[in-house]
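J.: Before I ask anything, here is the structure I am working with.
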Amino acid sequence: MLSRRIIYPTLSFKTEAAYAEIVQAAVRQNSMLNDNRSIPGLEFGTVTGDCWQKTAQLQVSYENLMEWVFKICELIGGTANIRLAEVGTHTGLFKLYLDLLQGTDRSVLQDDNAHIIFSDAYSNLLDFQYLLDGSEYRNFAYILGCGEGTERKMTTYSSGDDSSGMERYEVYVDAKDISDEEQDGNKDTVPIPDVDYIEILKSRGAESLVPVTQKSESTIAANDIQYSYNKDYFTGDYVTVKHRRFGLSQNKIQLIGMIESYDQNGRSLTPTFKGA
């Protein structure tokens with residue numbers, strides 16, 4: 001749904017702001033205002049998790065809204081979910097709510113919460129395929145902003161992992177679209193201080209790093225007698241997935257999305273997992 005919108009006009013936070021505030025501002029600006037870009041029935045839901053209180057300075061424009069929100073989720077370890085919920089009880093009226101979540105660890109690697117295990121051994125994992133791809137991995141960015149030639153403003157950003165020698169995977173980030181000017185309260189154009197501009201460039205660099213790609217395709221039992229979706233576990237939670245037959249095992253993996261559908265065969269659940 002959010003993939004139908006791009007970020008326009010430019011969204012800019014020159015001072016530190018929480019990622020929850022930043023993402024909600026982007027969604028509000030591009031899909032909630034009272035104009036022909038508005039998505040009917042879309043409202044903000046809940047925000048949970050410390051990851052959404054992390055702060056950043058950034059400037060973004062023209063990116064696909066959904067893809068950009070997903071980048072932020074990967075960067076901070078959160079997840080975003082749009083759910084359909086009835087307004088009131090038995091009203092027949094529904095709205096869409098955008099929730100920003102961090103999720104609870106329900107994997108076998110912890111003992112604070114009841115374990116959620118999907119496995120063919122328990123007959124609640126109908127199919128599971130997992131792919132790990134490091135061919136596009138990048139952990140160090142050179143970010144060049146506005147200016148020309150040697151006068152371009154430039155900085156670097158590292159993911160914090162060991163990024164030297166053979167463990168360094170570099171990427172160039174062209175951030176020329178990030179302006180070093182803004183409008184003040186009087187609508188006058190004023191320069192953004194260099195220290196703030198560099199932080200904005202670093203945020204773009206962080207978004208541009210490429211982690212090891214982890215993809216999964218699976219189907220889980222919708223009528224599982226052990227665990228009930230949105231009661232025992234939720235989108236954003238960390239769970240354990242094991243496929244005994246093929247020897248596949250993920251002790252801690254995040255449920256970042258769930259497609260709940262109905263057809264002539266009944267209800268089905270198709271999750272999307274991302275490795276922790």
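Labeling convention for the structure tokens: chains A, B, ... as they appear, residues from 1 per chain, ligands from 1 in order of appearance.
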Run DSSP on the backbone and give me the residues of segment 41-186 of chain A it puts in strand (DSSP E), as a CSV table (one decimal) with C-alpha atoms, in the first residue's frame.
T.:
```csv
chain,number,residue,atom,x,y,z
A,42,LEU,CA,-5.1,4.9,7.1
A,43,GLU,CA,-4.3,6.1,10.6
A,44,PHE,CA,-1.4,5.7,13.1
A,45,GLY,CA,-1.6,2.8,15.5
A,46,THR,CA,0.8,1.8,18.3
A,47,VAL,CA,4.5,2.5,18.7
A,55,THR,CA,17.4,9.4,17.0
A,56,ALA,CA,18.8,10.7,13.8
A,57,GLN,CA,19.2,13.7,11.5
A,58,LEU,CA,18.2,13.0,7.9
A,59,GLN,CA,16.9,14.4,4.7
A,60,VAL,CA,15.1,12.3,2.1
A,79,THR,CA,9.2,-3.6,11.9
A,80,ALA,CA,6.2,-1.7,10.5
A,81,ASN,CA,2.9,-3.4,10.0
A,82,ILE,CA,-0.4,-2.2,8.6
A,83,ARG,CA,-3.4,-4.0,10.1
A,84,LEU,CA,-7.1,-3.9,9.4
A,85,ALA,CA,-9.2,-3.5,12.5
A,86,GLU,CA,-12.9,-2.9,13.1
A,94,PHE,CA,-12.9,-0.8,9.4
A,95,LYS,CA,-9.7,1.3,9.4
A,96,LEU,CA,-6.1,0.6,8.6
A,97,TYR,CA,-3.6,1.2,11.4
A,98,LEU,CA,0.2,1.6,10.9
A,99,ASP,CA,2.0,0.0,13.9
A,100,LEU,CA,5.7,0.5,14.5
A,101,LEU,CA,7.0,-2.4,16.6
A,117,ILE,CA,8.7,-22.9,17.8
A,118,PHE,CA,7.5,-23.6,14.3
A,119,SER,CA,8.5,-27.1,13.2
A,125,LEU,CA,5.3,-25.6,9.8
A,126,LEU,CA,3.9,-26.7,6.5
A,127,ASP,CA,6.8,-25.5,4.3
A,128,PHE,CA,10.0,-23.6,4.9
A,129,GLN,CA,12.8,-22.4,2.6
A,130,TYR,CA,15.7,-20.3,3.7
A,131,LEU,CA,18.4,-18.5,1.6
A,132,LEU,CA,21.5,-16.6,2.8
A,133,ASP,CA,23.1,-14.3,0.2
A,140,PHE,CA,31.4,0.9,4.8
A,141,ALA,CA,30.1,3.9,2.9
A,142,TYR,CA,31.6,7.0,1.3
A,143,ILE,CA,28.9,9.6,1.2
A,144,LEU,CA,29.3,12.6,-1.1
A,154,MET,CA,31.9,14.3,2.1
A,155,THR,CA,32.0,11.9,5.0
A,156,THR,CA,32.1,8.1,5.7
A,157,TYR,CA,30.0,5.7,7.7
A,158,SER,CA,30.7,2.2,9.0
A,170,GLU,CA,32.8,-0.4,0.4
A,171,VAL,CA,30.0,1.4,-1.3
A,172,TYR,CA,29.7,4.9,-2.9
A,173,VAL,CA,26.7,6.9,-2.0
A,174,ASP,CA,25.7,9.8,-4.2
A,181,GLU,CA,20.2,24.9,2.7
A,182,GLU,CA,16.7,25.1,4.3
A,183,GLN,CA,14.0,27.6,4.9
```
J.: Give me the residues within 9 Å of Ile198 of chain A as a list of chain:residue names, counting only C-alpha atoms and dropping any in the same chain fewer than 2 places off.
T.: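 My list of contacting residues is A:Gly145, A:Lys153, A:Met154, A:Thr155, A:Pro193, A:Asp194, A:Val195, A:Asp196, A:Ile200, A:Leu201, A:Lys202, A:Ser203.
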J.: Residues of the last selection are to be written out with N, CA and C atoms, as a PDB file, in the first residue's frame.
T.:
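Heads up, here's the output in out_6.pdb:
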```pdb
ATOM      1  N   GLY A 145      27.960  14.614  -0.688  1.00  0.00           N
ATOM      2  CA  GLY A 145      26.781  15.449  -0.755  1.00  0.00           C
ATOM      3  C   GLY A 145      26.874  16.527  -1.813  1.00  0.00           C
ATOM      4  N   LYS A 153      30.862  18.132  -0.320  1.00  0.00           N
ATOM      5  CA  LYS A 153      30.914  17.789   1.098  1.00  0.00           C
ATOM      6  C   LYS A 153      30.858  16.271   1.223  1.00  0.00           C
ATOM      7  N   MET A 154      31.725  15.723   2.071  1.00  0.00           N
ATOM      8  CA  MET A 154      31.899  14.274   2.079  1.00  0.00           C
ATOM      9  C   MET A 154      32.130  13.769   3.495  1.00  0.00           C
ATOM     10  N   THR A 155      31.671  12.547   3.766  1.00  0.00           N
ATOM     11  CA  THR A 155      31.954  11.880   5.032  1.00  0.00           C
ATOM     12  C   THR A 155      31.897  10.374   4.801  1.00  0.00           C
ATOM     13  N   PRO A 193      24.128  24.260   9.103  1.00  0.00           N
ATOM     14  CA  PRO A 193      25.504  24.183   9.635  1.00  0.00           C
ATOM     15  C   PRO A 193      26.182  22.893   9.199  1.00  0.00           C
ATOM     16  N   ASP A 194      27.483  22.973   8.912  1.00  0.00           N
ATOM     17  CA  ASP A 194      28.220  21.811   8.416  1.00  0.00           C
ATOM     18  C   ASP A 194      28.122  20.617   9.347  1.00  0.00           C
ATOM     19  N   VAL A 195      28.178  20.849  10.660  1.00  0.00           N
ATOM     20  CA  VAL A 195      28.123  19.734  11.602  1.00  0.00           C
ATOM     21  C   VAL A 195      26.789  19.005  11.492  1.00  0.00           C
ATOM     22  N   ASP A 196      25.700  19.732  11.248  1.00  0.00           N
ATOM     23  CA  ASP A 196      24.391  19.090  11.082  1.00  0.00           C
ATOM     24  C   ASP A 196      24.295  18.413   9.722  1.00  0.00           C
ATOM     25  N   ILE A 200      23.472  14.419   8.670  1.00  0.00           N
ATOM     26  CA  ILE A 200      22.440  14.031   7.709  1.00  0.00           C
ATOM     27  C   ILE A 200      23.030  13.101   6.647  1.00  0.00           C
ATOM     28  N   LEU A 201      24.250  13.410   6.190  1.00  0.00           N
ATOM     29  CA  LEU A 201      24.922  12.533   5.226  1.00  0.00           C
ATOM     30  C   LEU A 201      25.189  11.158   5.838  1.00  0.00           C
ATOM     31  N   LYS A 202      25.594  11.123   7.084  1.00  0.00           N
ATOM     32  CA  LYS A 202      25.860   9.840   7.740  1.00  0.00           C
ATOM     33  C   LYS A 202      24.584   8.994   7.819  1.00  0.00           C
ATOM     34  N   SER A 203      23.441   9.638   8.057  1.00  0.00           N
ATOM     35  CA  SER A 203      22.183   8.897   8.097  1.00  0.00           C
ATOM     36  C   SER A 203      21.885   8.273   6.751  1.00  0.00           C
TER      37      SER A 203
END
```
J.: Could you pull out all residues of segment 30-247 of chain A with a DSSP call of helix (DSSP H, G or I) and give them as a ChimeraX atom specification?
T.: /A:30-31,50-53,65-76,120-122,149-151,165-167,194-208,244-246
J.: Could you tell me which of A:Val239, A:Leu269, A:Val27, A:Ile259 comes closest to Asp105 of chain A if we count only C-alpha atoms?
T.: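 Closest candidate: A:Val239.
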J.: Rounded to one decimal in Å, what is the spacing between atom CA of Gly92 of chain A and atom CA of Pro271 of chain A?
T.: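 About the pair atom CA of Gly92 of chain A and atom CA of Pro271 of chain A: they are 26.9 Å apart.
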J.: So how far away is atom CA of Ser228 of chain A from atom CA of Val108 of chain A, in Å?
T.: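 These atoms are spaced 17.8 Å apart.
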J.: Using only C-alpha atoms, which residues sit within 6 Å of segment 63-78 of chain A once same-chain residues fewer than 6 positions away are excluded, as a JSON list (two decimals) with N, CA and C atoms, in the first residue's frame?
T.:
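Produced file part-v4.json, reproduced below:
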```json
[["chain", "number", "residue", "atom", "x", "y", "z"],
["A", 2, "LEU", "N", 1.83, 1.33, 0.93],
["A", 2, "LEU", "CA", 2.73, 2.49, 0.96],
["A", 2, "LEU", "C", 3.63, 2.53, -0.26],
["A", 3, "SER", "N", 3.76, 1.40, -0.96],
["A", 3, "SER", "CA", 4.61, 1.37, -2.15],
["A", 3, "SER", "C", 4.02, 2.22, -3.27],
["A", 5, "ARG", "N", 3.33, 5.31, -3.07],
["A", 5, "ARG", "CA", 3.71, 6.70, -2.84],
["A", 5, "ARG", "C", 5.23, 6.85, -2.83],
["A", 6, "ILE", "N", 5.69, 8.01, -3.27],
["A", 6, "ILE", "CA", 7.09, 8.39, -3.11],
["A", 6, "ILE", "C", 7.15, 9.52, -2.08],
["A", 7, "ILE", "N", 8.34, 9.76, -1.56],
["A", 7, "ILE", "CA", 8.52, 10.83, -0.58],
["A", 7, "ILE", "C", 8.73, 12.14, -1.32],
["A", 51, "CYS", "N", 13.77, 0.68, 20.04],
["A", 51, "CYS", "CA", 14.44, 0.96, 18.76],
["A", 51, "CYS", "C", 13.83, 2.18, 18.08],
["A", 101, "LEU", "N", 6.75, -1.41, 15.51],
["A", 101, "LEU", "CA", 6.97, -2.40, 16.55],
["A", 101, "LEU", "C", 8.45, -2.78, 16.66],
["A", 102, "GLN", "N", 8.80, -3.31, 17.80],
["A", 102, "GLN", "CA", 10.14, -3.90, 17.96],
["A", 102, "GLN", "C", 10.04, -5.41, 18.12]]
```
J.: Have a look at A:Asn251, A:Arg244, A:Asn139, A:Asn223 and name the one nearest to Glu207 of chain A; count only C-alpha atoms.
T.: A:Asn139
J.: Find, counting only C-alpha atoms, the residue in A:Asn265, A:Thr235, A:Thr104, A:Ser61 that gets nearest to Thr10 of chain A.
T.: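 Among the listed residues, A:Ser61 lies closest to Thr10 of chain A.
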